[in-house]
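File shown: coords.cif (mmCIF, C-alpha atoms and all ligand atoms).
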data_coords
loop_
_atom_site.label_atom_id
_atom_site.label_comp_id
_atom_site.auth_asym_id
_atom_site.auth_seq_id
_atom_site.Cartn_x
_atom_site.Cartn_y
_atom_site.Cartn_z
CA MET K 1 174.68 130.49 13.50
CA ASN K 2 173.51 129.02 16.84
CA ALA K 3 170.12 127.68 17.88
CA ARG K 4 168.88 130.97 19.24
CA SER K 5 170.08 133.12 16.35
CA LEU K 6 167.45 134.91 14.31
CA THR K 7 169.89 135.44 11.44
CA GLY K 8 168.25 134.41 8.18
CA LYS K 9 165.02 133.39 9.92
CA THR K 10 161.75 134.48 8.32
CA ILE K 11 159.70 136.47 10.81
CA LEU K 12 156.21 137.83 10.30
CA VAL K 13 155.00 140.61 12.56
CA ILE K 14 151.31 141.05 11.93
CA GLY K 15 150.41 144.40 13.43
CA GLY K 16 154.00 145.47 12.80
CA SER K 17 153.43 148.82 11.14
CA ALA K 18 153.18 150.68 14.45
CA GLY K 19 153.64 150.46 18.21
CA ILE K 20 155.01 147.32 19.84
CA GLY K 21 154.97 145.31 16.61
CA LEU K 22 157.10 147.91 14.83
CA GLU K 23 159.74 147.54 17.56
CA VAL K 24 159.64 143.74 17.30
CA ALA K 25 160.32 144.14 13.58
CA ARG K 26 163.11 146.65 14.20
CA ILE K 27 164.95 144.38 16.68
CA ALA K 28 164.51 141.32 14.44
CA LEU K 29 166.04 143.29 11.54
CA GLU K 30 168.98 144.27 13.76
CA GLN K 31 169.48 140.53 14.28
CA GLU K 32 169.62 139.96 10.51
CA ALA K 33 166.25 138.22 10.24
CA ILE K 34 164.12 138.44 7.09
CA VAL K 35 161.23 140.51 8.41
CA HIS K 36 157.74 140.74 6.95
CA ILE K 37 155.34 143.31 8.35
CA ALA K 38 151.60 143.03 7.78
CA SER K 39 148.83 145.46 8.64
CA ARG K 40 145.71 146.95 7.11
CA GLY K 41 147.49 150.21 6.35
CA LYS K 42 145.13 152.28 8.47
CA THR K 43 147.40 153.24 11.37
CA ARG K 44 149.81 156.05 10.60
CA SER K 45 153.14 154.48 11.35
CA ALA K 46 156.36 155.78 12.83
CA PRO K 47 159.41 155.77 10.51
CA THR K 48 159.27 152.78 8.20
CA LEU K 49 161.97 150.14 8.23
CA PRO K 50 163.76 150.07 4.88
CA ARG K 51 164.77 146.40 5.01
CA ALA K 52 161.34 145.10 6.06
CA ILE K 53 158.92 143.70 3.50
CA TYR K 54 155.49 145.27 3.89
CA HIS K 55 152.17 143.55 3.15
CA THR K 56 148.60 144.75 3.36
CA CYS K 57 146.51 142.25 5.30
CA ASP K 58 143.47 142.31 7.56
CA ALA K 59 143.57 139.79 10.41
CA LYS K 60 139.77 139.85 10.43
CA SER K 61 139.73 138.29 6.96
CA PRO K 62 140.72 134.62 6.50
CA ALA K 63 141.02 135.20 2.74
CA SER K 64 143.39 138.10 3.30
CA LEU K 65 145.49 135.98 5.68
CA ASP K 66 145.60 133.02 3.29
CA ALA K 67 146.81 135.33 0.52
CA LEU K 68 149.54 136.66 2.82
CA PHE K 69 150.80 133.20 3.75
CA GLN K 70 150.75 132.08 0.12
CA ILE K 71 153.26 134.87 -0.54
CA LEU K 72 155.37 134.04 2.52
CA ASP K 73 155.20 130.28 1.85
CA ARG K 74 157.30 129.31 4.89
CA VAL K 75 157.76 131.21 8.12
CA ASP K 76 159.90 130.57 11.22
CA HIS K 77 158.35 132.97 13.72
CA VAL K 78 155.04 134.81 13.87
CA ALA K 79 154.48 137.69 16.30
CA ILE K 80 150.87 138.87 16.48
CA THR K 81 150.24 142.38 17.78
CA VAL K 82 146.91 143.24 16.14
CA HIS K 83 144.10 144.53 18.30
CA GLU K 84 140.88 146.48 18.56
CA SER K 85 140.67 149.63 20.63
CA ALA K 86 138.60 149.05 23.76
CA ALA K 87 138.42 152.82 24.27
CA ARG K 88 137.04 153.40 20.76
CA LEU K 89 134.42 150.72 21.35
CA GLY K 90 133.52 152.15 24.75
CA ILE K 91 133.73 148.81 26.54
CA ASP K 92 135.83 150.12 29.45
CA THR K 93 132.67 150.33 31.48
CA THR K 94 130.54 148.55 34.06
CA ALA K 95 128.46 145.46 33.25
CA ASP K 96 125.16 147.33 33.49
CA LYS K 97 126.27 149.72 30.73
CA MET K 98 128.18 147.22 28.57
CA ASN K 99 127.28 147.22 24.88
CA LEU K 100 127.58 143.52 24.08
CA SER K 101 127.91 144.09 20.33
CA ALA K 102 130.90 146.32 21.00
CA ALA K 103 132.38 143.78 23.43
CA ILE K 104 131.99 141.04 20.82
CA GLU K 105 133.68 143.30 18.25
CA TYR K 106 136.58 143.74 20.68
CA SER K 107 136.84 139.98 21.14
CA ASP K 108 136.74 139.48 17.37
CA GLY K 109 139.49 142.04 16.75
CA LYS K 110 141.77 140.92 19.55
CA PHE K 111 141.20 137.22 20.34
CA TRP K 112 139.66 135.81 17.16
CA SER K 113 141.96 137.82 14.89
CA GLN K 114 144.92 136.15 16.60
CA TYR K 115 143.23 132.76 16.23
CA ARG K 116 142.66 133.42 12.51
CA VAL K 117 146.34 134.30 12.10
CA ILE K 118 147.32 131.04 13.81
CA GLN K 119 145.02 128.98 11.59
CA ALA K 120 146.40 130.59 8.45
CA ALA K 121 150.01 130.32 9.66
CA LEU K 122 150.05 126.66 10.69
CA PRO K 123 150.50 125.05 7.24
CA HIS K 124 153.46 127.39 6.67
CA LEU K 125 155.11 127.33 10.10
CA ALA K 126 158.47 125.60 10.57
CA GLN K 127 158.53 122.57 12.90
CA ASP K 128 160.81 124.52 15.25
CA GLY K 129 158.84 127.71 14.69
CA THR K 130 157.00 129.92 17.16
CA LEU K 131 153.75 131.79 17.53
CA THR K 132 153.81 134.71 19.96
CA LEU K 133 150.44 136.15 20.86
CA THR K 134 149.54 139.32 22.72
CA SER K 135 147.23 139.76 25.70
CA GLY K 136 147.60 142.55 28.27
CA VAL K 137 148.07 143.09 31.97
CA ALA K 138 144.29 143.38 32.38
CA SER K 139 144.06 139.59 32.00
CA ARG K 140 145.19 139.21 35.60
CA VAL K 141 145.17 142.59 37.33
CA SER K 142 141.91 143.67 38.88
CA MET K 143 140.91 146.99 37.29
CA ALA K 144 137.74 149.06 37.35
CA ASN K 145 135.51 148.77 34.26
CA HIS K 146 137.59 145.95 32.79
CA SER K 147 135.33 142.88 32.98
CA ALA K 148 135.06 142.41 29.19
CA ILE K 149 138.63 143.54 28.43
CA SER K 150 140.01 141.25 31.13
CA ALA K 151 138.00 138.26 29.92
CA VAL K 152 139.18 138.63 26.31
CA ASN K 153 142.83 138.98 27.32
CA ALA K 154 142.59 136.03 29.70
CA SER K 155 141.06 133.93 26.91
CA ILE K 156 144.16 134.55 24.77
CA GLU K 157 146.40 133.25 27.56
CA ALA K 158 144.20 130.21 28.20
CA CYS K 159 144.06 129.42 24.50
CA ALA K 160 147.85 129.66 24.14
CA ARG K 161 148.39 127.12 26.93
CA GLN K 162 146.20 124.61 25.08
CA LEU K 163 147.82 125.35 21.72
CA ALA K 164 151.32 124.95 23.15
CA LYS K 165 150.50 121.34 23.97
CA GLU K 166 148.61 120.71 20.75
CA LEU K 167 151.22 122.20 18.42
CA ALA K 168 154.51 121.06 20.02
CA PRO K 169 157.35 121.00 19.01
CA ARG K 170 156.29 124.36 17.63
CA ARG K 171 156.17 126.80 20.53
CA VAL K 172 153.33 129.11 21.54
CA ASN K 173 153.72 131.94 24.04
CA VAL K 174 151.95 135.15 25.01
CA VAL K 175 153.32 138.59 25.83
CA ALA K 176 151.16 140.51 28.32
CA PRO K 177 152.15 144.18 28.10
CA GLY K 178 151.32 146.81 30.65
CA VAL K 179 150.47 150.31 29.48
CA THR K 180 152.96 151.19 26.75
CA ALA K 181 153.61 154.42 24.86
CA THR K 182 152.30 153.63 21.37
CA THR K 183 150.01 155.05 18.71
CA THR K 184 147.12 153.27 20.36
CA TYR K 185 146.54 156.29 22.63
CA ASP K 186 146.79 158.88 19.84
CA ALA K 187 143.03 159.24 19.71
CA MET K 188 142.88 160.51 23.31
CA LEU K 189 142.81 164.22 24.08
CA PRO K 190 146.36 165.20 25.17
CA GLU K 191 145.18 166.26 28.63
CA LEU K 192 143.26 163.02 29.23
CA LYS K 193 146.18 161.00 27.88
CA GLU K 194 148.56 162.68 30.35
CA GLN K 195 146.15 162.05 33.25
CA PHE K 196 145.89 158.40 32.22
CA VAL K 197 149.67 157.98 31.97
CA GLN K 198 150.19 159.60 35.37
CA LYS K 199 147.51 157.41 36.94
CA ILE K 200 149.12 154.21 35.65
CA ALA K 201 152.62 155.39 36.60
CA SER K 202 151.43 156.00 40.15
CA VAL K 203 150.36 152.35 40.60
CA VAL K 204 153.14 150.56 38.72
CA PRO K 205 156.19 149.70 40.86
CA LEU K 206 158.54 151.04 38.17
CA LYS K 207 156.58 154.36 38.32
CA ARG K 208 156.29 154.84 34.57
CA ILE K 209 154.63 153.35 31.54
CA ALA K 210 156.65 151.18 29.13
CA PHE K 211 158.55 152.02 25.98
CA ALA K 212 157.44 149.89 23.04
CA GLU K 213 160.99 148.60 22.60
CA GLU K 214 161.01 147.17 26.13
CA ILE K 215 157.89 145.13 25.42
CA ALA K 216 159.18 144.09 22.01
CA LEU K 217 162.16 142.35 23.61
CA ALA K 218 159.77 139.85 25.20
CA TYR K 219 158.63 138.68 21.74
CA ILE K 220 162.25 138.31 20.65
CA PHE K 221 163.00 136.26 23.78
CA ALA K 222 159.98 134.04 23.07
CA MET K 223 161.39 133.35 19.59
CA GLN K 224 164.92 132.70 20.81
CA CYS K 225 164.43 130.63 23.97
CA GLY K 226 163.92 127.12 22.66
CA TYR K 227 162.60 125.79 25.99
CA LEU K 228 159.82 128.35 26.39
CA THR K 229 156.27 127.35 25.53
CA GLY K 230 152.79 127.77 26.97
CA THR K 231 154.02 130.77 28.92
CA VAL K 232 152.79 134.29 29.54
CA LEU K 233 155.60 136.84 29.62
CA ASP K 234 154.42 139.57 31.96
CA ALA K 235 155.93 142.89 30.87
CA SER K 236 153.92 145.20 33.07
CA GLY K 237 156.56 147.05 35.10
CA GLY K 238 155.49 144.95 38.06
CA GLN K 239 151.80 145.89 37.93
CA LEU K 240 150.88 142.29 38.77
CA ILE K 241 152.53 142.61 42.15
CA ALA K 242 151.46 146.21 42.83
N1 LIG I 1 149.87 149.97 24.16
C1 LIG I 1 149.43 149.47 25.32
O1 LIG I 1 149.34 150.17 26.35
C2 LIG I 1 149.02 148.02 25.42
C3 LIG I 1 148.70 147.50 26.68
C4 LIG I 1 148.30 146.17 26.80
C5 LIG I 1 148.23 145.39 25.65
N2 LIG I 1 148.53 145.92 24.43
C6 LIG I 1 148.42 145.08 23.26
O2 LIG I 1 149.63 145.07 22.49
C7 LIG I 1 149.31 144.90 21.10
C8 LIG I 1 149.95 146.03 20.32
O3 LIG I 1 149.43 147.25 20.79
P1 LIG I 1 150.02 148.65 20.29
O4 LIG I 1 149.77 149.62 21.38
O5 LIG I 1 151.39 148.46 19.76
O6 LIG I 1 149.00 148.98 19.10
P2 LIG I 1 149.07 150.07 17.94
O7 LIG I 1 150.18 151.04 18.14
O8 LIG I 1 147.68 150.58 17.79
O9 LIG I 1 149.42 149.17 16.66
C9 LIG I 1 148.53 148.15 16.28
C10 LIG I 1 149.05 147.52 14.99
O10 LIG I 1 148.13 146.50 14.58
C11 LIG I 1 147.71 146.75 13.24
N3 LIG I 1 146.35 146.20 13.13
C12 LIG I 1 145.26 146.52 13.88
N4 LIG I 1 144.20 145.78 13.49
C13 LIG I 1 144.65 144.99 12.47
C14 LIG I 1 144.04 144.01 11.66
N5 LIG I 1 142.73 143.70 11.79
N6 LIG I 1 144.77 143.38 10.75
C15 LIG I 1 146.10 143.68 10.58
N7 LIG I 1 146.73 144.60 11.32
C16 LIG I 1 146.01 145.25 12.26
C17 LIG I 1 147.83 148.27 13.10
O11 LIG I 1 147.96 148.70 11.74
P3 LIG I 1 146.66 149.03 10.83
O12 LIG I 1 145.75 149.87 11.66
O13 LIG I 1 147.27 149.74 9.67
O14 LIG I 1 146.08 147.72 10.48
C18 LIG I 1 149.15 148.49 13.83
O15 LIG I 1 150.24 148.08 13.02
C19 LIG I 1 147.78 144.85 21.02
O16 LIG I 1 147.34 143.52 21.06
C20 LIG I 1 147.36 145.57 22.29
O17 LIG I 1 146.05 145.21 22.72
C21 LIG I 1 148.94 147.22 24.28
#

As structure tokens, how would this structure be written, given the file I've shared?
Amino acid sequence: MNARSLTGKTILVIGGSAGIGLEVARIALEQEAIVHIASRGKTRSAPTLPRAIYHTCDAKSPASLDALFQILDRVDHVAITVHESAARLGIDTTADKMNLSAAIEYSDGKFWSQYRVIQAALPHLAQDGTLTLTSGVASRVSMANHSAISAVNASIEACARQLAKELAPRRVNVVAPGVTATTTYDAMLPELKEQFVQKIASVVPLKRIAFAEEIALAYIFAMQCGYLTGTVLDASGGQLIA
């Protein structure tokens, strides 16, 4: 086993029952890690992973998180892919129409849920362990109707930079995905979803949206690269330079 091997490491993917998190779990299992997946059990998942250990947990509940980490006891790597749907909350809008309660709910589900996971994880995290958070390309790309979404995602990146210093030698990084084909868009009408995908593909240099597996590799890299901390891994198909 070498320093970057995930073999035998205990990895928690919270938000791992679907989408990007599910692919993180799948790759970690391929690398012979011991993989725990946690989610509320609300999102209908793709095929389940037979060797993963599933837990029901709500990242909005500190008690639920504490119970999860009591079971895990010690963990080497934590990937956090939980979120709240901005589209469901209707906060992809202009400031004059913004529902602040909905924007605060988004912040709670995306930023503060990740913070709660970190707080619960710390007493159980190995000294050479990692926390990998999730933001999104909207943190830095200028997009219409994204003032609240952008601010929340940027806050995750700013927070991680502070935590990386505070928590060293444990490492803290952020993955910032671009638009990725996951269950998160299942609620959209097929026609609107196709229009949205085409619109994004037309502005991204790689001319397509991402596969979840491509984004998942960034989390695996953040776990394996022992000299990486306080960093945002941009996995946006080049949207930042579009
Ligand atoms: N897909 C994209 O285009 C895109 C773009 C930029 C950023 N991102 C970010 O990437 C991350 C993953 O997105 P995704 O598209 O893979 O999402 P997804 O397919 O909707 O999956 C989200 C996962 O999180 C779990 N989850 C949600 N809320 C939770 C909570 N409170 N506690 C525990 N588990 C919870 C869901 O399961 P349950 O519902 O069963 O709990 C599910 O396993 C999110 O942070 C998202 O904002 C995605």

K:Thr134, K:Asn173, K:Thr7, K:Gln162 ranked by distance to ligand LIG 1 (chain I), top pick (using all atoms listed in the file): K:Thr134

Within 6 Å of ligand LIG 1 (chain I), which residues of chain K show up? Give each one with its shortest atom-to-atom distance in Å (one decimal) and the two atoms involved, counting all atoms listed in the file, rows by chain then rising residue number, as CSV.
residue,atom,partner,partner_atom,distance
K:Ile14,CA,I:LIG1,N7,5.8
K:Gly15,CA,I:LIG1,O10,3.3
K:Gly16,CA,I:LIG1,O15,4.6
K:Ser17,CA,I:LIG1,O15,3.8
K:Ala18,CA,I:LIG1,O15,4.2
K:Gly19,CA,I:LIG1,O5,3.4
K:Ile20,CA,I:LIG1,O5,3.8
K:Gly21,CA,I:LIG1,O5,5.7
K:Ser39,CA,I:LIG1,N7,3.5
K:Arg40,CA,I:LIG1,O14,3.5
K:Gly41,CA,I:LIG1,O13,3.4
K:Lys42,CA,I:LIG1,O13,3.5
K:Thr43,CA,I:LIG1,O12,3.8
K:Cys57,CA,I:LIG1,C15,5.5
K:Asp58,CA,I:LIG1,N6,3.6
K:Ala59,CA,I:LIG1,N6,3.8
K:Lys60,CA,I:LIG1,N5,5.0
K:Thr81,CA,I:LIG1,C7,4.3
K:Val82,CA,I:LIG1,O10,3.8
K:His83,CA,I:LIG1,O16,4.4
K:Thr134,CA,I:LIG1,O16,5.0
K:Ser135,CA,I:LIG1,C5,5.7
K:Gly136,CA,I:LIG1,C5,3.9
K:Pro177,CA,I:LIG1,C4,4.5
K:Gly178,CA,I:LIG1,C3,4.8
K:Val179,CA,I:LIG1,O1,3.3
K:Thr180,CA,I:LIG1,O1,3.8
K:Ala181,CA,I:LIG1,N1,5.9
K:Thr182,CA,I:LIG1,O7,4.7
K:Thr183,CA,I:LIG1,O7,4.1
K:Thr184,CA,I:LIG1,O8,3.8

One residue among K:Ile11, K:Phe221, K:Ala212, K:Asp96 is nearest to Tyr54 of chain K when using all atoms listed in the file, and that residue is K:Ile11

Pick from K:Ile209, K:Ala151, K:Ile200, K:Ala126 nearest to Leu167 of chain K, counting all atoms listed in the file: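 Going through K:Ile209, K:Ala151, K:Ile200, K:Ala126 one by one, the smallest distance to Leu167 of chain K is for K:Ala126.
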
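Taking all atoms listed in the file into account, Asp66 of chain K lies nearest to K:Ile118 out of the set K:Val152, K:Ile118, K:Val172, K:Leu49.
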
What lies within 12 Å of Leu65 of chain K using all atoms listed in the file, ignoring chain neighbours under 6 positions off, as a list in words?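 Answer for this query is Leu12, Ile14, Ala38, Ser39, Arg40, His55, Thr56, Cys57, Asp58, Ala59, Ile71, Leu72, Asp73, Ser113, Gln114, Tyr115, Arg116, Val117, Ile118, Gln119, Ala120, Ala121, Leu122 and His124 of chain K.
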
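Taking atom CA of Ala210 of chain K as the reference point, atom CA of Asn145 of chain K is found at 21.9 Å.
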
Provide the atom CA of Gln31 of chain K to atom CA of Glu166 of chain K distance in Å, to one decimal place.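 Atom-to-atom, atom CA of Gln31 of chain K to atom CA of Glu166 of chain K, that is 29.5 Å.
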
How many Å lie between atom CA of Leu6 of chain K and atom CA of Glu30 of chain K, rounded to one decimal? 9.5 Å

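Among the candidates K:Gly8, K:Val137, K:Glu23, K:Glu84, the one nearest to Phe211 of chain K when counting all atoms listed in the file is K:Glu23.
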
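Distances to Arg140 of chain K were evaluated for K:Tyr185, K:Val78, K:Ala102, K:Asn153 using all atoms listed in the file, and the minimum falls at K:Asn153.
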
Nearby residues (all atoms listed in the file) at most 7 Å from Gly237 of chain K, same-chain spacing under 3 positions excluded, as a list of chain:residue names: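 Within the cut-off, the hits are K:Gly178, K:Val204, K:Pro205, K:Leu206.
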
Got a sec: who's within 9 Å of Leu29 of chain K, counting all atoms listed in the file, leaving out chain neighbours fewer than 3 positions off, as a ChimeraX atom specification? /K:6-7,24-26,32-35,49,51-52

Emit a file covering segment 188-200 of chain K of the preceding structure with N, CA, C and O atoms, as a CSV table (one decimal), in the first residue's frame.
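Final file, selection_34.csv:
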chain,number,residue,atom,x,y,z
K,188,MET,N,-37.3,18.4,-13.9
K,188,MET,CA,-37.6,19.3,-15.0
K,188,MET,C,-38.4,18.6,-16.1
K,188,MET,O,-38.2,17.4,-16.3
K,189,LEU,N,-39.2,19.3,-16.7
K,189,LEU,CA,-39.9,18.7,-17.9
K,189,LEU,C,-38.9,18.4,-18.9
K,189,LEU,O,-37.9,19.1,-19.2
K,190,PRO,N,-39.0,17.2,-19.6
K,190,PRO,CA,-38.0,16.7,-20.5
K,190,PRO,C,-37.6,17.8,-21.6
K,190,PRO,O,-36.4,17.9,-21.9
K,191,GLU,N,-38.6,18.5,-22.1
K,191,GLU,CA,-38.3,19.5,-23.1
K,191,GLU,C,-37.4,20.6,-22.5
K,191,GLU,O,-36.5,21.1,-23.2
K,192,LEU,N,-37.8,21.1,-21.3
K,192,LEU,CA,-37.0,22.2,-20.7
K,192,LEU,C,-35.6,21.7,-20.3
K,192,LEU,O,-34.7,22.5,-20.4
K,193,LYS,N,-35.6,20.5,-19.9
K,193,LYS,CA,-34.3,19.9,-19.5
K,193,LYS,C,-33.3,19.9,-20.7
K,193,LYS,O,-32.2,20.3,-20.7
K,194,GLU,N,-33.9,19.5,-21.9
K,194,GLU,CA,-33.1,19.4,-23.1
K,194,GLU,C,-32.6,20.8,-23.5
K,194,GLU,O,-31.4,21.0,-23.9
K,195,GLN,N,-33.5,21.8,-23.4
K,195,GLN,CA,-33.2,23.1,-23.8
K,195,GLN,C,-32.0,23.6,-22.9
K,195,GLN,O,-31.1,24.3,-23.3
K,196,PHE,N,-32.1,23.3,-21.6
K,196,PHE,CA,-31.2,23.8,-20.6
K,196,PHE,C,-29.8,23.1,-20.9
K,196,PHE,O,-28.8,23.8,-21.0
K,197,VAL,N,-29.8,21.8,-21.2
K,197,VAL,CA,-28.5,21.1,-21.5
K,197,VAL,C,-27.9,21.7,-22.7
K,197,VAL,O,-26.7,22.0,-22.8
K,198,GLN,N,-28.7,22.0,-23.8
K,198,GLN,CA,-28.2,22.5,-25.0
K,198,GLN,C,-27.6,23.9,-24.8
K,198,GLN,O,-26.5,24.3,-25.3
K,199,LYS,N,-28.3,24.7,-23.9
K,199,LYS,CA,-27.8,26.1,-23.7
K,199,LYS,C,-26.4,26.0,-23.0
K,199,LYS,O,-25.5,26.8,-23.3
K,200,ILE,N,-26.3,25.2,-22.0
K,200,ILE,CA,-25.0,25.1,-21.3
K,200,ILE,C,-23.9,24.6,-22.2
K,200,ILE,O,-22.8,25.1,-22.3
